[in-house]
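Working notes, beginning with the structure itself.
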Amino acid sequence: MKKILPPLFLLVVLAWLQPLSLGTREVVIPISATAAQITDILGRQGVLRSRLEFLACLKLSGKGKNLRAGTFELERYKNPFYLIARLTSGGKSDILVTIPEGRTIFETADILKSKGVVNREEFVRLCGDRNFINTLGLKTADLEGYLFPDTYSFSAQSADSQVIRILVANFFDRLRKYGVTDPDSLRKLLILASLVEREAKYDEERPIIARVFLNRLHTGRPLESCATIIYALKNNPYDLYDPDEVQKTVLTERDLKVPSPYNTYLFAGLPPGPICSPGEKSIAAVIRPANVDYLYFVAKGDGYHQFSRTYKEHLTAKTQYIDKK
């Protein structure tokens, strides 16, 4: 037995260290990713042998807060301490890109193009390519709403399709904590959250605005969101995108009659899809809306809104904040 144990022990050690190369994966870690989210990313990319093993070694190493964002070329199934060492040393040729909340596919494409990360036309095309979208596990007509706003680190060599996969994967990573898995429920949540994102400027108003929309849906009233009109004017359909409409904020009576399914003044219920990619605070606002009975709101002009329960109160608010302008 004394002659057998050392070789067996050596084999066990070698198997754990994994000195052989089983191929590599290019992995992008977003800047705001937590240790748990990084673990999910590594597991999804087929880099880890075990999530539990990696998390245990990460805790043992004391480097859980030292993991860095970036683009990494990582060998598969290596021991966790190899991965920890690589992830604490920084990525390769990184380009930092921040996608703010409330951006559309086109606006996201413009930001990424300005950083030299994507080809704008190809990026937009892929975001409307149903065959490609199906490979992401989605059955939507396009990826509006699913390109999660965050700060990312990309390689200049990243393919457009890979960039999109990273943005969508981050979306699902962030949504996992809320337990929304039904595709139809997720779609409705995302549409409402996108409206909240475009209507709200201050975080404390997001749950209130979310509840107003939910109350209007419950009572069968049209949502009457100006944000959906602006989206219809500048983004839908894709080939009619008008960059001159990007900064439009004041709507005319003619605008309110635009024959688009996104016109929530003409059509009751939810619009066909999201109007932007909402941030997590707007998503959380729809999941946990305020307990209020408001049915209307009007912008005061300082970023805040006046909320009303009745149409009469709403007319008074309009006279005070809009008609006097």
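In the structure tokens, the first chain shown is A, the next is B, and so on; residue numbers restart at 1 for each chain, and ligands run from 1 in the order shown.
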Point to revise | strand (DSSP E) residues, from DSSP on the backbone, in region 24-194 of chain A, as a list in words | key: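 Restricting region 24-194 of chain A to strand (DSSP E) produces Thr24, Arg25, Glu26, Val27, Val28, Ile29, Gly70, Thr71, Phe72, Glu73, Leu74, Glu75, Asp94, Ile95, Leu96, Val97, Thr98, Thr151, Tyr152, Ser153, Phe154 and Ser155 of chain A.
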Written file, previous selection with N, CA and C atoms, as a short mmCIF file (atom, residue, chain, number, x, y, z; two decimals), in the first residue's frame:
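Written output follows (out.cif):
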```cif
data_model
loop_
_atom_site.label_atom_id
_atom_site.label_comp_id
_atom_site.auth_asym_id
_atom_site.auth_seq_id
_atom_site.Cartn_x
_atom_site.Cartn_y
_atom_site.Cartn_z
N THR A 24 -9.70 26.90 -25.11
CA THR A 24 -9.91 28.18 -24.44
C THR A 24 -11.27 28.78 -24.80
N ARG A 25 -11.68 29.73 -24.00
CA ARG A 25 -12.91 30.48 -24.24
C ARG A 25 -12.61 31.96 -24.01
N GLU A 26 -13.14 32.81 -24.89
CA GLU A 26 -13.06 34.24 -24.65
C GLU A 26 -14.27 34.64 -23.81
N VAL A 27 -14.01 35.19 -22.66
CA VAL A 27 -15.07 35.53 -21.71
C VAL A 27 -15.01 37.02 -21.39
N VAL A 28 -16.16 37.68 -21.44
CA VAL A 28 -16.25 39.10 -21.11
C VAL A 28 -16.95 39.25 -19.76
N ILE A 29 -16.28 39.92 -18.82
CA ILE A 29 -16.84 40.17 -17.50
C ILE A 29 -17.25 41.65 -17.41
N GLY A 70 -13.34 42.79 -17.81
CA GLY A 70 -12.49 42.77 -18.99
C GLY A 70 -12.77 41.59 -19.89
N THR A 71 -12.00 41.49 -20.93
CA THR A 71 -12.09 40.37 -21.86
C THR A 71 -10.93 39.43 -21.58
N PHE A 72 -11.24 38.18 -21.28
CA PHE A 72 -10.23 37.21 -20.87
C PHE A 72 -10.24 36.00 -21.80
N GLU A 73 -9.06 35.52 -22.11
CA GLU A 73 -8.90 34.25 -22.83
C GLU A 73 -8.57 33.21 -21.77
N LEU A 74 -9.54 32.37 -21.42
CA LEU A 74 -9.39 31.45 -20.30
C LEU A 74 -9.38 30.01 -20.77
N GLU A 75 -8.46 29.23 -20.21
CA GLU A 75 -8.44 27.79 -20.50
C GLU A 75 -9.56 27.10 -19.75
N ASP A 94 -8.77 45.98 -23.51
CA ASP A 94 -10.17 46.25 -23.19
C ASP A 94 -10.63 47.63 -23.64
N ILE A 95 -11.87 47.67 -24.12
CA ILE A 95 -12.53 48.93 -24.47
C ILE A 95 -13.74 49.05 -23.54
N LEU A 96 -13.74 50.07 -22.70
CA LEU A 96 -14.84 50.26 -21.76
C LEU A 96 -15.98 51.01 -22.46
N VAL A 97 -17.18 50.48 -22.32
CA VAL A 97 -18.36 51.08 -22.94
C VAL A 97 -19.49 51.11 -21.92
N THR A 98 -20.09 52.28 -21.74
CA THR A 98 -21.24 52.41 -20.85
C THR A 98 -22.50 52.60 -21.69
N THR A 151 -22.06 48.99 -17.72
CA THR A 151 -20.72 49.29 -18.23
C THR A 151 -20.03 47.98 -18.56
N TYR A 152 -19.54 47.88 -19.79
CA TYR A 152 -18.94 46.64 -20.28
C TYR A 152 -17.49 46.88 -20.70
N SER A 153 -16.79 45.78 -20.82
CA SER A 153 -15.42 45.81 -21.32
C SER A 153 -15.33 44.84 -22.49
N PHE A 154 -15.07 45.37 -23.68
CA PHE A 154 -15.02 44.55 -24.88
C PHE A 154 -13.64 44.59 -25.51
N SER A 155 -13.35 43.56 -26.28
CA SER A 155 -12.16 43.54 -27.12
C SER A 155 -12.52 44.13 -28.47
#
```
Review point. Among region 119-323 of chain A, which residues carry a DSSP assignment of alpha helix (DSSP H), reported as JSON, numbers by chain?
Key: {"A": [120, 121, 122, 123, 124, 125, 126, 127, 130, 131, 132, 133, 134, 135, 160, 161, 162, 163, 164, 165, 166, 167, 168, 169, 170, 171, 172, 173, 174, 175, 183, 184, 185, 186, 187, 188, 189, 190, 191, 192, 193, 194, 195, 196, 197, 198, 199, 206, 207, 208, 209, 210, 211, 212, 213, 214, 215, 216, 217, 218, 226, 227, 228, 229, 230, 231, 232, 233, 234, 235, 280, 281, 282, 283, 284, 285, 286, 287, 311, 312, 313, 314, 315, 316, 317, 318, 319, 320, 321]}
Practice item. Find the distance between CA of Arg125 (chain A) and CA of Leu167 (chain A) and write it in Å to one decimal. Key: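 Separation between CA of Arg125 (chain A) and CA of Leu167 (chain A): 15.6 Å.
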Revision key, fill the gap. With distances taken over only C-alpha atoms, the candidate from A:Lys188, A:Lys318, A:Arg254, A:Arg174 nearest Phe213 (chain A) is A:Lys188
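Neighbouring residues of Asp110 (chain A) at 12 Å or closer, counting only C-alpha atoms and skipping chain neighbours under 2 positions away, are Val97, Thr98, Ile99, Arg103, Thr104, Ile105, Phe106, Glu107, Thr108, Leu112, Lys113, Ser114, Lys115, Gly116, Val117, Val118, Asn119, Arg120, Glu121, Glu122, Phe123, Val124 and Pro243 of chain A.
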Export C-alpha atoms of the chosen residues as a PDB file, in the first residue's frame?
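See out33.pdb below for the written result:
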```pdb
ATOM      1  CA  VAL A  97     -18.362  51.082 -22.939  1.00  0.00           C
ATOM      2  CA  THR A  98     -21.244  52.411 -20.850  1.00  0.00           C
ATOM      3  CA  ILE A  99     -24.774  51.830 -22.136  1.00  0.00           C
ATOM      4  CA  ARG A 103     -31.521  53.503 -24.814  1.00  0.00           C
ATOM      5  CA  THR A 104     -33.024  51.921 -27.921  1.00  0.00           C
ATOM      6  CA  ILE A 105     -31.360  49.424 -30.240  1.00  0.00           C
ATOM      7  CA  PHE A 106     -30.279  52.246 -32.539  1.00  0.00           C
ATOM      8  CA  GLU A 107     -28.892  54.384 -29.737  1.00  0.00           C
ATOM      9  CA  THR A 108     -27.026  51.401 -28.304  1.00  0.00           C
ATOM     10  CA  LEU A 112     -20.907  50.849 -29.480  1.00  0.00           C
ATOM     11  CA  LYS A 113     -19.906  52.070 -32.938  1.00  0.00           C
ATOM     12  CA  SER A 114     -18.444  55.273 -31.486  1.00  0.00           C
ATOM     13  CA  LYS A 115     -16.150  53.097 -29.361  1.00  0.00           C
ATOM     14  CA  GLY A 116     -15.077  50.971 -32.325  1.00  0.00           C
ATOM     15  CA  VAL A 117     -16.745  47.845 -30.958  1.00  0.00           C
ATOM     16  CA  VAL A 118     -19.384  47.024 -33.608  1.00  0.00           C
ATOM     17  CA  ASN A 119     -20.466  47.641 -37.159  1.00  0.00           C
ATOM     18  CA  ARG A 120     -23.636  49.668 -36.632  1.00  0.00           C
ATOM     19  CA  GLU A 121     -25.605  48.267 -39.559  1.00  0.00           C
ATOM     20  CA  GLU A 122     -24.731  44.647 -38.746  1.00  0.00           C
ATOM     21  CA  PHE A 123     -25.511  45.137 -35.066  1.00  0.00           C
ATOM     22  CA  VAL A 124     -28.965  46.558 -35.875  1.00  0.00           C
ATOM     23  CA  PRO A 243     -32.352  60.625 -36.399  1.00  0.00           C
TER      24      PRO A 243
END
```
Point to revise | Who sits within 6 Å of region 131-145 of chain A, only C-alpha atoms, same chain under 3 positions skipped, as a ChimeraX atom specification | key: /A:105,127-128,274,276-277
Check your understanding: Quick one: of A:Leu186, A:Val168, A:Leu195, A:Val47, who's nearest to Pro207 (chain A), counting only C-alpha atoms?
Key ->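 Using only C-alpha atoms, Pro207 (chain A) sits closest to A:Leu195.
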Exercise for review: Quick one: everything within 12 Å of Ala35 (chain A), counting only C-alpha atoms, minus sequence neighbours fewer than 4 positions away in the same chain. Send it as a list in words.
Suggested key: Ile29, Pro30, Ile31, Thr39, Asp40, Ile41, Leu42, Arg51, Phe54, Leu55, Ala56, Cys57, Leu58, Lys59, Gly62, Lys63, Gly64, Lys65, Asn66, Leu67, Arg68, Ala69, Ile84, Leu87 and Thr88 of chain A
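One finds CA of Tyr178 (chain A) at 19.7 Å from CA of Glu204 (chain A).
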Review point. Which one is closest to Tyr77 (chain A): A:Leu60, A:Leu48, A:Ile111, A:Leu233? Count only C-alpha atoms.
Key: A:Leu48
Point to revise | Nearest candidate to Ser194 (chain A) (options A:Glu101, A:Asp255, A:Glu53, A:Glu224; using only C-alpha atoms) | key: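 Selected residue with least distance to Ser194 (chain A): A:Glu101.
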**Study point:** Separation of CA of Ala284 (chain A) from CA of Leu189 (chain A) in Å
**Key:**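 Here the two named atoms are 9.5 Å from each other.
Take the candidates A:Tyr321, A:Lys281, A:Arg288, A:Ala227 and check each one against Thr264 (chain A) using only C-alpha atoms; the shortest distance goes to A:Ala227.
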